[in-house]
Each structure stands twice: as structure tokens, then as C-alpha cells.
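For reference, query-v7.csv (CSV, C-alpha atoms and all ligand atoms):
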```
chain,number,residue,atom,x,y,z
A,20,MET,CA,-9.1,-18.7,14.8
A,21,LYS,CA,-5.3,-18.9,14.4
A,22,VAL,CA,-3.8,-16.2,12.2
A,23,GLY,CA,-0.3,-15.8,10.9
A,24,ILE,CA,1.1,-12.4,9.9
A,25,VAL,CA,4.2,-12.5,7.7
A,26,GLY,CA,5.9,-9.1,7.9
A,27,ILE,CA,4.6,-7.6,11.1
A,28,GLY,CA,5.0,-3.8,10.3
A,29,LEU,CA,2.5,-1.0,9.7
A,30,ILE,CA,0.1,-3.0,7.5
A,31,GLY,CA,0.3,-6.4,9.1
A,32,GLY,CA,0.4,-5.0,12.6
A,33,SER,CA,-2.7,-2.8,12.0
A,34,PHE,CA,-4.5,-5.9,10.8
A,35,ALA,CA,-3.4,-7.7,14.0
A,36,VAL,CA,-4.8,-4.9,16.2
A,37,ASP,CA,-8.2,-4.9,14.4
A,38,LEU,CA,-8.4,-8.7,14.3
A,39,ARG,CA,-7.9,-8.9,18.1
A,40,LYS,CA,-10.7,-6.4,18.5
A,41,GLU,CA,-13.1,-8.0,16.1
A,42,TYR,CA,-12.6,-11.7,16.7
A,43,ARG,CA,-13.0,-13.5,20.0
A,44,ASN,CA,-10.3,-16.1,20.7
A,45,VAL,CA,-8.0,-15.0,17.9
A,46,PHE,CA,-4.5,-16.2,18.3
A,47,LEU,CA,-1.9,-14.3,16.4
A,48,VAL,CA,1.4,-15.7,15.2
A,49,GLY,CA,4.0,-13.2,13.8
A,50,PHE,CA,6.7,-14.1,11.3
A,51,ASP,CA,9.3,-11.5,10.2
A,52,ILE,CA,12.8,-11.4,8.7
A,53,SER,CA,13.7,-8.8,11.3
A,54,PRO,CA,14.1,-10.3,14.8
A,55,GLU,CA,13.8,-6.8,16.3
A,56,ASN,CA,10.5,-6.1,14.6
A,57,GLN,CA,9.2,-9.5,15.7
A,58,GLU,CA,10.3,-8.9,19.3
A,59,ARG,CA,8.8,-5.4,19.2
A,60,ALA,CA,5.5,-6.8,17.9
A,61,LEU,CA,5.4,-9.2,20.8
A,62,GLU,CA,6.1,-6.5,23.3
A,63,LEU,CA,3.4,-4.3,21.8
A,64,GLY,CA,0.9,-7.2,22.0
A,65,LEU,CA,0.4,-7.2,18.3
A,66,ILE,CA,1.1,-11.0,18.2
A,67,ASP,CA,0.8,-13.7,20.8
A,68,LYS,CA,3.9,-15.6,19.8
A,69,LYS,CA,6.8,-15.6,17.3
A,70,GLY,CA,6.1,-17.9,14.4
A,71,GLU,CA,7.9,-21.2,14.1
A,72,ALA,CA,8.0,-23.8,11.3
A,73,SER,CA,5.6,-26.0,13.3
A,74,ASP,CA,2.9,-23.3,13.3
A,75,TRP,CA,2.2,-23.3,9.6
A,76,SER,CA,0.0,-26.4,9.4
A,77,SER,CA,-2.4,-25.1,12.1
A,78,LEU,CA,-3.1,-21.7,10.7
A,79,ASP,CA,-6.6,-20.8,9.5
A,80,LEU,CA,-5.5,-17.5,7.8
A,81,VAL,CA,-2.2,-16.0,6.8
A,82,ILE,CA,-1.8,-12.3,5.9
A,83,VAL,CA,1.4,-11.6,4.0
A,84,THR,CA,2.5,-8.0,4.4
A,85,VAL,CA,6.2,-7.9,3.2
A,86,PRO,CA,7.6,-5.5,0.6
A,87,VAL,CA,6.5,-6.4,-2.9
A,88,ASP,CA,9.9,-7.7,-4.0
A,89,ALA,CA,10.0,-10.2,-1.1
A,90,MET,CA,6.3,-11.1,-1.8
A,91,LEU,CA,7.3,-12.9,-5.0
A,92,LYS,CA,9.3,-15.5,-3.0
A,93,VAL,CA,7.5,-15.4,0.3
A,94,LEU,CA,4.0,-16.1,-1.1
A,95,PRO,CA,4.8,-19.3,-2.9
A,96,ASN,CA,6.7,-20.5,0.2
A,97,VAL,CA,3.8,-19.7,2.5
A,98,LEU,CA,1.4,-21.6,0.1
A,99,ASP,CA,3.8,-24.6,0.2
A,100,GLN,CA,3.5,-24.9,4.0
A,101,ILE,CA,-0.2,-24.2,4.8
A,102,SER,CA,-3.0,-26.7,5.2
A,103,ASP,CA,-5.6,-27.2,2.5
A,104,ASP,CA,-8.2,-25.2,4.5
A,105,CYS,CA,-6.1,-22.1,5.2
A,106,LEU,CA,-6.7,-18.7,3.4
A,107,VAL,CA,-3.6,-16.6,2.4
A,108,MET,CA,-4.2,-12.9,1.7
A,109,ASP,CA,-1.6,-10.4,0.7
A,110,ALA,CA,-1.5,-6.6,0.9
A,111,GLY,CA,1.0,-5.8,-1.8
A,112,SER,CA,0.8,-2.4,-3.6
A,113,THR,CA,1.3,-4.0,-7.0
A,114,LYS,CA,-0.7,-6.9,-8.3
A,115,ARG,CA,0.4,-8.2,-11.7
A,116,GLN,CA,3.7,-9.7,-10.8
A,117,ILE,CA,2.3,-11.0,-7.5
A,118,CYS,CA,-0.5,-12.8,-9.2
A,119,GLU,CA,1.9,-14.2,-11.8
A,120,ALA,CA,4.2,-15.5,-9.0
A,121,VAL,CA,1.4,-17.8,-7.7
A,122,ALA,CA,-0.5,-18.5,-10.9
A,123,GLY,CA,0.7,-22.1,-11.3
A,124,HIS,CA,0.9,-22.9,-7.6
A,125,PRO,CA,-1.0,-26.1,-6.6
A,126,LYS,CA,-2.6,-24.1,-3.8
A,127,ARG,CA,-3.6,-21.1,-5.9
A,128,ARG,CA,-7.2,-21.5,-4.8
A,129,ASN,CA,-6.0,-20.8,-1.2
A,130,PHE,CA,-4.8,-17.3,-2.2
A,131,LEU,CA,-6.8,-14.0,-2.3
A,132,ALA,CA,-4.9,-11.1,-4.0
A,133,CYS,CA,-5.6,-7.9,-2.1
A,134,HIS,CA,-4.4,-4.3,-1.8
A,135,PRO,CA,-5.8,-2.2,1.0
A,136,ILE,CA,-6.0,1.5,-0.1
A,137,ALA,CA,-4.9,2.5,3.4
A,138,GLY,CA,-1.7,3.4,5.1
A,139,THR,CA,0.7,6.1,6.3
A,140,GLU,CA,4.2,7.2,5.6
A,141,PHE,CA,5.5,5.4,8.7
A,142,SER,CA,6.7,1.8,8.9
A,143,GLY,CA,7.4,-1.0,11.3
A,144,PRO,CA,5.4,-2.5,14.2
A,145,THR,CA,5.4,0.7,16.2
A,146,ALA,CA,3.5,2.5,13.4
A,147,ALA,CA,0.6,-0.1,13.6
A,148,HIS,CA,-2.7,1.2,15.0
A,149,GLN,CA,-6.3,0.4,15.3
A,150,GLY,CA,-8.8,1.6,12.8
A,151,LEU,CA,-6.3,2.1,9.9
A,152,TYR,CA,-8.7,0.3,7.5
A,153,GLU,CA,-12.0,1.8,8.7
A,154,GLY,CA,-13.9,3.4,5.8
A,155,THR,CA,-11.3,2.6,3.2
A,156,THR,CA,-11.3,0.3,0.1
A,157,MET,CA,-9.8,-3.1,-0.4
A,158,ILE,CA,-9.0,-3.9,-4.0
A,159,ILE,CA,-9.3,-7.6,-4.8
A,160,CYS,CA,-7.9,-9.1,-8.0
A,161,GLU,CA,-8.8,-12.4,-9.7
A,162,VAL,CA,-11.4,-13.3,-7.0
A,163,GLU,CA,-12.6,-16.2,-9.2
A,164,LYS,CA,-9.3,-18.0,-8.7
A,165,THR,CA,-9.9,-18.3,-5.0
A,166,ALA,CA,-12.0,-21.1,-3.5
A,167,PHE,CA,-15.4,-19.8,-2.7
A,168,LYS,CA,-15.4,-21.0,0.9
A,169,LEU,CA,-12.1,-19.2,1.5
A,170,GLN,CA,-13.3,-16.0,-0.3
A,171,GLU,CA,-16.0,-15.9,2.4
A,172,ARG,CA,-13.5,-16.0,5.2
A,173,GLY,CA,-11.6,-13.1,3.5
A,174,MET,CA,-14.8,-11.1,3.0
A,175,GLU,CA,-15.8,-11.5,6.6
A,176,LEU,CA,-12.4,-10.1,7.8
A,177,ILE,CA,-12.6,-7.2,5.3
A,178,ASN,CA,-16.1,-6.3,6.4
A,179,LYS,CA,-15.1,-6.6,10.1
A,180,VAL,CA,-12.3,-4.1,9.7
A,181,GLY,CA,-14.7,-1.7,8.0
A,182,MET,CA,-13.5,-1.8,4.4
A,183,ARG,CA,-15.5,-1.8,1.2
A,184,VAL,CA,-14.4,-4.0,-1.7
A,185,ARG,CA,-13.6,-3.1,-5.3
A,186,TYR,CA,-12.8,-5.9,-7.8
A,187,MET,CA,-10.2,-5.3,-10.6
A,188,ASN,CA,-8.0,-7.3,-12.8
A,189,PRO,CA,-4.2,-7.1,-11.9
A,190,GLU,CA,-3.3,-5.1,-15.0
A,191,ALA,CA,-6.0,-2.5,-14.5
A,192,HIS,CA,-5.1,-2.2,-10.8
A,193,ASP,CA,-1.4,-1.5,-11.6
A,194,LYS,CA,-2.3,1.0,-14.3
A,195,HIS,CA,-4.7,3.0,-12.2
A,196,ILE,CA,-2.8,2.8,-8.9
A,197,ALA,CA,0.3,4.2,-10.8
A,198,TYR,CA,-1.6,7.5,-11.2
A,199,VAL,CA,-3.2,7.9,-7.8
A,200,SER,CA,-0.6,6.4,-5.6
A,201,HIS,CA,2.8,5.8,-7.2
A,202,LEU,CA,3.0,9.1,-9.1
A,203,SER,CA,1.9,11.0,-5.9
A,204,HIS,CA,4.9,9.5,-4.1
A,205,ILE,CA,7.4,10.3,-6.8
A,206,SER,CA,6.0,13.9,-7.0
A,207,SER,CA,6.4,14.2,-3.2
A,208,PHE,CA,9.9,12.7,-3.1
A,209,MET,CA,11.1,15.0,-6.0
A,210,LEU,CA,9.5,18.1,-4.4
A,211,GLY,CA,11.3,17.3,-1.2
A,212,LYS,CA,14.6,16.7,-3.1
A,213,THR,CA,14.2,20.0,-5.0
A,214,VAL,CA,13.8,22.0,-1.9
A,215,ILE,CA,16.6,20.1,0.1
A,216,ASP,CA,19.0,20.5,-2.9
A,217,LYS,CA,18.4,24.2,-3.1
A,218,GLU,CA,18.2,25.0,0.6
A,219,GLU,CA,20.9,22.8,1.9
A,220,ASN,CA,23.0,25.7,3.2
A,221,GLU,CA,20.1,27.9,4.1
A,222,ARG,CA,18.3,25.9,6.8
A,223,ASP,CA,16.4,29.0,7.9
A,224,ILE,CA,14.2,28.6,4.8
A,225,PHE,CA,12.5,25.6,6.4
A,226,ASP,CA,11.2,28.0,9.2
A,227,LEU,CA,9.1,29.5,6.4
A,228,ALA,CA,7.6,26.1,5.4
A,229,GLY,CA,3.9,26.1,6.1
A,230,SER,CA,1.2,23.5,6.1
A,231,GLY,CA,1.0,23.5,2.3
A,232,PHE,CA,4.6,22.4,2.0
A,233,GLU,CA,4.3,19.9,4.9
A,234,SER,CA,1.2,18.2,3.4
A,235,THR,CA,2.7,18.0,-0.1
A,236,VAL,CA,6.0,16.5,1.1
A,237,ARG,CA,4.4,14.1,3.6
A,238,LEU,CA,4.8,11.1,1.4
A,239,ALA,CA,8.5,11.8,1.0
A,240,LYS,CA,8.9,10.4,4.5
A,241,SER,CA,7.9,7.0,3.2
A,242,SER,CA,10.4,4.1,3.2
A,243,PRO,CA,12.5,3.6,0.1
A,244,ASP,CA,12.8,-0.1,1.1
A,245,MET,CA,9.1,-0.4,0.3
A,246,TRP,CA,8.8,2.1,-2.6
A,247,ALA,CA,11.8,1.2,-4.8
A,248,PRO,CA,10.5,-2.4,-5.4
A,249,ILE,CA,7.0,-1.0,-6.1
A,250,PHE,CA,8.4,1.4,-8.8
A,251,GLU,CA,10.4,-1.4,-10.2
A,252,GLN,CA,7.5,-3.9,-10.5
A,253,ASN,CA,5.2,-1.2,-12.0
A,254,LYS,CA,7.9,0.4,-14.1
A,255,ASP,CA,6.0,0.7,-17.4
A,256,ASN,CA,2.9,2.2,-15.9
A,257,VAL,CA,4.8,4.6,-13.6
A,258,LEU,CA,7.0,5.8,-16.6
A,259,GLU,CA,3.7,6.5,-18.5
A,260,THR,CA,2.4,8.6,-15.7
A,261,LEU,CA,5.7,10.4,-15.4
A,262,LYS,CA,5.7,11.2,-19.1
A,263,GLU,CA,2.3,12.9,-18.8
A,264,TYR,CA,3.2,14.6,-15.5
A,265,ILE,CA,6.5,16.0,-16.9
A,266,ALA,CA,4.6,17.2,-20.1
A,267,ASN,CA,2.2,19.1,-17.8
A,268,LEU,CA,5.1,20.7,-15.8
A,269,ARG,CA,6.9,21.7,-19.0
A,270,ASP,CA,3.7,23.2,-20.4
A,271,PHE,CA,3.1,25.2,-17.2
A,272,LYS,CA,6.7,26.4,-17.3
A,273,GLU,CA,6.4,27.5,-21.0
A,274,LYS,CA,3.2,29.3,-20.3
A,275,MET,CA,4.9,31.3,-17.6
A,276,GLU,CA,8.0,32.0,-19.8
A,277,GLU,CA,5.6,33.3,-22.5
A,278,GLY,CA,3.8,35.5,-19.9
A,279,ASP,CA,0.6,33.7,-20.7
A,280,PHE,CA,-0.9,34.0,-17.2
A,281,LYS,CA,-4.4,33.7,-18.6
A,282,SER,CA,-3.6,30.0,-19.5
A,283,VAL,CA,-1.8,29.5,-16.2
A,284,TYR,CA,-4.9,30.7,-14.4
A,285,GLU,CA,-7.2,28.6,-16.5
A,286,GLN,CA,-5.2,25.4,-15.9
A,287,MET,CA,-5.4,26.0,-12.2
A,288,LEU,CA,-9.1,26.8,-12.3
A,289,ASN,CA,-9.8,23.7,-14.4
A,290,THR,CA,-7.9,21.6,-11.9
A,291,ASN,CA,-9.9,23.0,-9.0
A,292,ARG,CA,-12.6,20.4,-10.2
A,293,ILE,CA,-10.6,18.0,-8.2
A,294,LYS,CA,-12.6,19.2,-5.2
A,295,GLU,CA,-15.9,18.1,-6.8
A,296,ILE,CA,-14.3,14.9,-8.2
A,297,LEU,CA,-13.0,13.8,-4.8
A,298,LYS,CA,-16.1,14.8,-2.8
A,299,GLY,CA,-17.9,11.7,-1.7
A,300,ILE,CA,-15.2,9.4,-3.0
A,301,PRO,CA,-14.1,7.1,-0.2
A,302,LEU,CA,-10.4,8.1,0.0
A,303,THR,CA,-8.1,6.7,2.7
A,304,LYS,CA,-7.6,9.0,5.6
A,305,THR,CA,-4.0,9.4,4.6
A,306,THR,CA,-4.3,9.5,0.8
A,307,LYS,CA,-1.9,6.5,0.4
A,401,LIG,P1,6.7,-2.3,6.9
A,401,LIG,O1,6.1,-1.5,8.0
A,401,LIG,O2,8.1,-2.0,6.6
A,401,LIG,O3,6.6,-3.9,7.3
A,401,LIG,C1,7.1,-4.9,6.6
A,401,LIG,C2,7.8,-5.9,7.5
A,401,LIG,O4,8.1,-7.0,6.7
A,401,LIG,C3,9.0,-5.4,8.1
A,401,LIG,O5,9.1,-5.8,9.5
A,401,LIG,C4,10.1,-6.1,7.3
A,401,LIG,O6,11.4,-6.2,8.0
A,401,LIG,C5,9.5,-7.4,7.0
A,401,LIG,N1,10.0,-8.2,5.9
A,401,LIG,C6,10.8,-7.7,4.8
A,401,LIG,N2,11.1,-8.8,4.1
A,401,LIG,C7,10.6,-9.9,4.7
A,401,LIG,C8,10.7,-11.3,4.3
A,401,LIG,N3,11.3,-11.7,3.2
A,401,LIG,N4,10.1,-12.2,5.2
A,401,LIG,C9,9.5,-11.7,6.3
A,401,LIG,N5,9.4,-10.4,6.7
A,401,LIG,C10,9.9,-9.5,5.8
A,401,LIG,O7,5.9,-2.2,5.6
A,401,LIG,P2,4.3,-1.9,5.4
A,401,LIG,O8,4.1,-0.4,5.2
A,401,LIG,O9,3.6,-2.6,6.4
A,401,LIG,O10,4.0,-2.6,4.0
A,401,LIG,C11,3.9,-4.0,3.8
A,401,LIG,C12,3.2,-4.3,2.5
A,401,LIG,O11,1.9,-3.6,2.4
A,401,LIG,C13,4.0,-3.9,1.3
A,401,LIG,O12,3.8,-4.9,0.3
A,401,LIG,C14,3.3,-2.7,0.8
A,401,LIG,O13,3.4,-2.5,-0.7
A,401,LIG,C15,1.9,-2.9,1.2
A,401,LIG,N6,1.1,-1.6,1.5
A,401,LIG,C16,1.7,-0.6,2.2
A,401,LIG,C17,1.0,0.5,2.4
A,401,LIG,C18,1.6,1.7,3.3
A,401,LIG,O14,1.0,2.8,3.3
A,401,LIG,N7,2.6,1.5,4.0
A,401,LIG,C19,-0.4,0.6,2.0
A,401,LIG,C20,-0.9,-0.4,1.3
A,401,LIG,C21,-0.2,-1.6,1.0
A,401,LIG,P3,12.5,-5.2,7.7
A,401,LIG,O15,12.0,-3.9,8.2
A,401,LIG,O16,13.7,-5.7,8.4
A,401,LIG,O17,12.7,-5.1,6.2
```
How would this structure read if it were set down as C-alpha cells?
Amino acid sequence: MKVGIVGIGLIGGSFAVDLRKEYRNVFLVGFDISPENQERALELGLIDKKGEASDWSSLDLVIVTVPVDAMLKVLPNVLDQISDDCLVMDAGSTKRQICEAVAGHPKRRNFLACHPIAGTEFSGPTAAHQGLYEGTTMIICEVEKTAFKLQERGMELINKVGMRVRYMNPEAHDKHIAYVSHLSHISSFMLGKTVIDKEENERDIFDLAGSGFESTVRLAKSSPDMWAPIFEQNKDNVLETLKEYIANLRDFKEKMEEGDFKSVYEQMLNTNRIKEILKGIPLTKTTK
């Protein structure tokens, strides 16, 4: 099997490592806008060769893992170049605009719209590693628009890397993911900002930072190159989550100002239910 990876960073590189382990005789071709990342991916053995224009027609599968703004242009270009028998999957963290970008493409049936609920706060080919996808969920949108034979090729890959599948429409995906992923990142970025702003001249305070602080600001290490386009593409849903989040923060502050610590206690107690809610839910190892 000859596989092309477009955007050979954390997500694409981690697929490459798993594919090499799971498929005999897989040949991996890496395309990237960054010559450094492409070279690094070759050195690390993530890919067998750097992609060239002549490779497109011989690929059986292409996994497109570029940031979501680039995805809107890259995906139609990839579909233009592949053979009729090639499957193209993406991994973009938004789905509505991506699905719209290929909706009228003559090769729409070659495309499977995917979002792996797996990842870390690190990026680039050096962040790629084996087993990133094991035990996590792959969200697939508009599966009925993909040719059945090619769906099977995609499902085989998803099963082999250890993922389970959840089907959703693109609008529902973007709405729900705004709460559990996009809002979490904003919350982490703004917590990090609040503490940095306050403690800029008091570096000692970071010596006091414990594991609670570290785990809550972990996502603030994520790449703005990846996240700014995600917030832009999912602006309406993200603004809705922010409205609700800010209302909760304001309410909490008002309760404290009023000295209503019984309500403060009850809100926290009620939210402890998250332990039960998350128990048994197949979350990614890194909460992304
Ligand atoms: P990454 O590590 O930064 O890798 C992306 C790679 O694509 C980089 O090498 C980047 O080069 C390259 N690239 C950018 N624009 C390109 C273009 N027009 N053509 C070819 N290559 C291009 O990012 P990632 O974390 O793997 O994320 C990739 C995709 O997966 C995104 O769509 C993201 O929404 C999705 N995703 C990410 C996670 C996560 O936790 N990271 C989880 C699920 C889904 P430069 O560095 O030079 O820009």
C-alpha cells in the first residue's frame, strides 16, 4: 500500500508510525509546506520519501493533516490529483467548513471526513509517536457521501490503529466539540495568561505552582498556528460556549462577593458529578 501524508507533524506522523507497524509493505510518502519538517520526518523514518508531483497518481490512500485553514485549499487540490481508486482522509478539528469545501468536488466520493479525538499539546514531526490513537475515538462525518469500497479501506485503518468510530453530522460535531475541546483550550490559555500577567515580575511564584496548575494550563502550550484557525472556523459555537462559561464565572464571583459560600460549595459538589460522568467514557489519553 502506498500512502501519502500531507502535513507530516504530530497527527500525520503518528499515523505514519502506526501504519508502518500495522501494514506490511507500506510505503509512506510525505508532503509538507515546511522543508525542515519534511526532512526531519525522513530522518526520523516517519516517511520513506519526500512527495513529488509524480507520486499522486500512484497513491492508495492520502491522510491530510494540515491546519484547518490550509485544509480548505489543500483538500480540493489533493482530490484533483489522486487516482479514482484512492481514499483521502482528513483529521481536521472542525468539520462543517471542511465538508463544505469539498461538497461539489467531482471526487467527493473519494473523501472520508474524520476527526481523531487524540493528540497532545506538542506539534511537528518530532512529537509524533506510536500508539497515539490506541483506545480513542474517530469521529466520521457524512459517511454516506464516501464510496462504500473506500469507506472499508478507511475503517480497516481506523480499526488497526485501535480506534472506535462515532458518526456525526458536521454541524453537530462542531457544536459538541466546541464544549469539550475548543472551550477547554481557551480556558487553559486564559488561565495561563491571567497568571503570567499577574506574576510577570514575581517569577518566584511559579516555584509554588503544583500539579493542579500544571495540568490545568497544559493545553496553553498548544500551537496558536493550529488553534487560531480552529476558533475562527468554529466562531459561532465557540462564542456560545464562552457566553455560558463567562456567565458561570460571573455567578461564582457574585456568590463569593455576597458571602454565599453555601452556594459556592453546592456548585462545586454538583460539578463533582463529572467523576461519574467521565468514568467509563473512552477519553483520549491527553484530553484533547
Ligand atoms: P502540526 O504538528 O503542526 O503538523 C502540521 C504540519 O502541516 C506542519 O508540518 C505544517 O508545517 C504543515 N502544513 C501547514 N500548512 C500546510 C500546507 N498548506 N501544505 C502542507 N503542509 C502544511 O499539527 P498537528 O497537531 O499534527 O495537527 C494537524 C491537523 O490535525 C490539524 O487540522 C488539527 O486541527 C488536527 N488535529 C490536531 C490534534 C492535536 O492534538 N494536535 C488533534 C486532533 C486533530 P508548518 O509547521 O511549517 O506550518
Notebook entry, point to check: So which one's closest to ligand LIG 401 (chain A), A:Asn96, A:Ser112, A:Thr165, A:Thr145? Using only C-alpha atoms and all ligand atoms, please.
Noted result: A:Ser112
Next item on the list: Please write out the residues within 8 Å of ligand LIG 401 (chain A) as a ChimeraX atom specification, counting all atoms listed in the file.
Entry: /A:25-32,50-57,83-90,92-93,109-113,134-144,146-147,241-242,244-246,249,307
Next item on the list: Could you tell me which of A:Thr156, A:Ser234, A:Gln286, A:Thr260 comes closest to Cys133 in chain A if we count only C-alpha atoms?
Entry: A:Thr156
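Proximity of A:Gln170, A:Pro189, A:Gln100, A:Leu63 to Lys114 in chain A, computed with only C-alpha atoms, is greatest for A:Pro189.
Rounded to one decimal, CA of Asp216 in chain A and CA of Phe271 in chain A lie 21.9 Å from each other.
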Notebook entry, point to check: Which residue out of A:Ser206, A:Leu47, A:Leu38, A:Val257 has the minimum interatomic distance to Arg237 in chain A when all atoms listed in the file are used?
Noted result: A:Ser206
Notebook entry, point to check: For Lys262 in chain A, which of A:Glu277, A:Asn291, A:Phe250, A:Leu202 is the closest residue, counting only C-alpha atoms?
Noted result: A:Leu202
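In this structure, CA of Ser203 in chain A sits 7.9 Å away from CA of Leu238 in chain A.
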Next item on the list: One decimal, Å: what's the distance from CA of Lys194 in chain A over to CA of Val81 in chain A, could you say?
Entry: 27.1 Å
Selection as a PDB file with C-alpha atoms, in the frame of the given file: residues within 12 Å of (1.8, -22.4, 6.0), counting all atoms listed in the file:
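So the final result, stored in part-v2.pdb, reads:
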```
ATOM      1  CA  LYS A  21      -5.300 -18.900  14.400  1.00  0.00           C
ATOM      2  CA  VAL A  22      -3.800 -16.200  12.200  1.00  0.00           C
ATOM      3  CA  GLY A  23      -0.300 -15.800  10.900  1.00  0.00           C
ATOM      4  CA  ILE A  24       1.100 -12.400   9.900  1.00  0.00           C
ATOM      5  CA  VAL A  25       4.200 -12.500   7.700  1.00  0.00           C
ATOM      6  CA  VAL A  48       1.400 -15.700  15.200  1.00  0.00           C
ATOM      7  CA  PHE A  50       6.700 -14.100  11.300  1.00  0.00           C
ATOM      8  CA  GLY A  70       6.100 -17.900  14.400  1.00  0.00           C
ATOM      9  CA  GLU A  71       7.900 -21.200  14.100  1.00  0.00           C
ATOM     10  CA  ALA A  72       8.000 -23.800  11.300  1.00  0.00           C
ATOM     11  CA  SER A  73       5.600 -26.000  13.300  1.00  0.00           C
ATOM     12  CA  ASP A  74       2.900 -23.300  13.300  1.00  0.00           C
ATOM     13  CA  TRP A  75       2.200 -23.300   9.600  1.00  0.00           C
ATOM     14  CA  SER A  76       0.000 -26.400   9.400  1.00  0.00           C
ATOM     15  CA  SER A  77      -2.400 -25.100  12.100  1.00  0.00           C
ATOM     16  CA  LEU A  78      -3.100 -21.700  10.700  1.00  0.00           C
ATOM     17  CA  ASP A  79      -6.600 -20.800   9.500  1.00  0.00           C
ATOM     18  CA  LEU A  80      -5.500 -17.500   7.800  1.00  0.00           C
ATOM     19  CA  VAL A  81      -2.200 -16.000   6.800  1.00  0.00           C
ATOM     20  CA  ILE A  82      -1.800 -12.300   5.900  1.00  0.00           C
ATOM     21  CA  VAL A  83       1.400 -11.600   4.000  1.00  0.00           C
ATOM     22  CA  VAL A  93       7.500 -15.400   0.300  1.00  0.00           C
ATOM     23  CA  LEU A  94       4.000 -16.100  -1.100  1.00  0.00           C
ATOM     24  CA  PRO A  95       4.800 -19.300  -2.900  1.00  0.00           C
ATOM     25  CA  ASN A  96       6.700 -20.500   0.200  1.00  0.00           C
ATOM     26  CA  VAL A  97       3.800 -19.700   2.500  1.00  0.00           C
ATOM     27  CA  LEU A  98       1.400 -21.600   0.100  1.00  0.00           C
ATOM     28  CA  ASP A  99       3.800 -24.600   0.200  1.00  0.00           C
ATOM     29  CA  GLN A 100       3.500 -24.900   4.000  1.00  0.00           C
ATOM     30  CA  ILE A 101      -0.200 -24.200   4.800  1.00  0.00           C
ATOM     31  CA  SER A 102      -3.000 -26.700   5.200  1.00  0.00           C
ATOM     32  CA  ASP A 103      -5.600 -27.200   2.500  1.00  0.00           C
ATOM     33  CA  ASP A 104      -8.200 -25.200   4.500  1.00  0.00           C
ATOM     34  CA  CYS A 105      -6.100 -22.100   5.200  1.00  0.00           C
ATOM     35  CA  LEU A 106      -6.700 -18.700   3.400  1.00  0.00           C
ATOM     36  CA  VAL A 107      -3.600 -16.600   2.400  1.00  0.00           C
ATOM     37  CA  LYS A 126      -2.600 -24.100  -3.800  1.00  0.00           C
ATOM     38  CA  ASN A 129      -6.000 -20.800  -1.200  1.00  0.00           C
ATOM     39  CA  PHE A 130      -4.800 -17.300  -2.200  1.00  0.00           C
TER      40      PHE A 130
END
```
Item checked: Exercise: Glu233 in chain A partners within 12 Å, all atoms listed in the file, chain neighbours under 5 positions left out, as a PyMOL selection string -> chain A and resi 207+210-211+214+225-228+238-240
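Using all atoms listed in the file, the nearest neighbour of Leu261 in chain A within the list A:Lys68, A:His201, A:Glu285, A:Ile196 is A:His201.
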Next item on the list: Would you mind listing what lies within 10 Å of Cys118 in chain A as number ranges by chain, with only C-alpha atoms counted and same-chain residues fewer than 6 positions away left out?
Entry: A: 91, 94, 127, 130-132, 160-161, 188-189
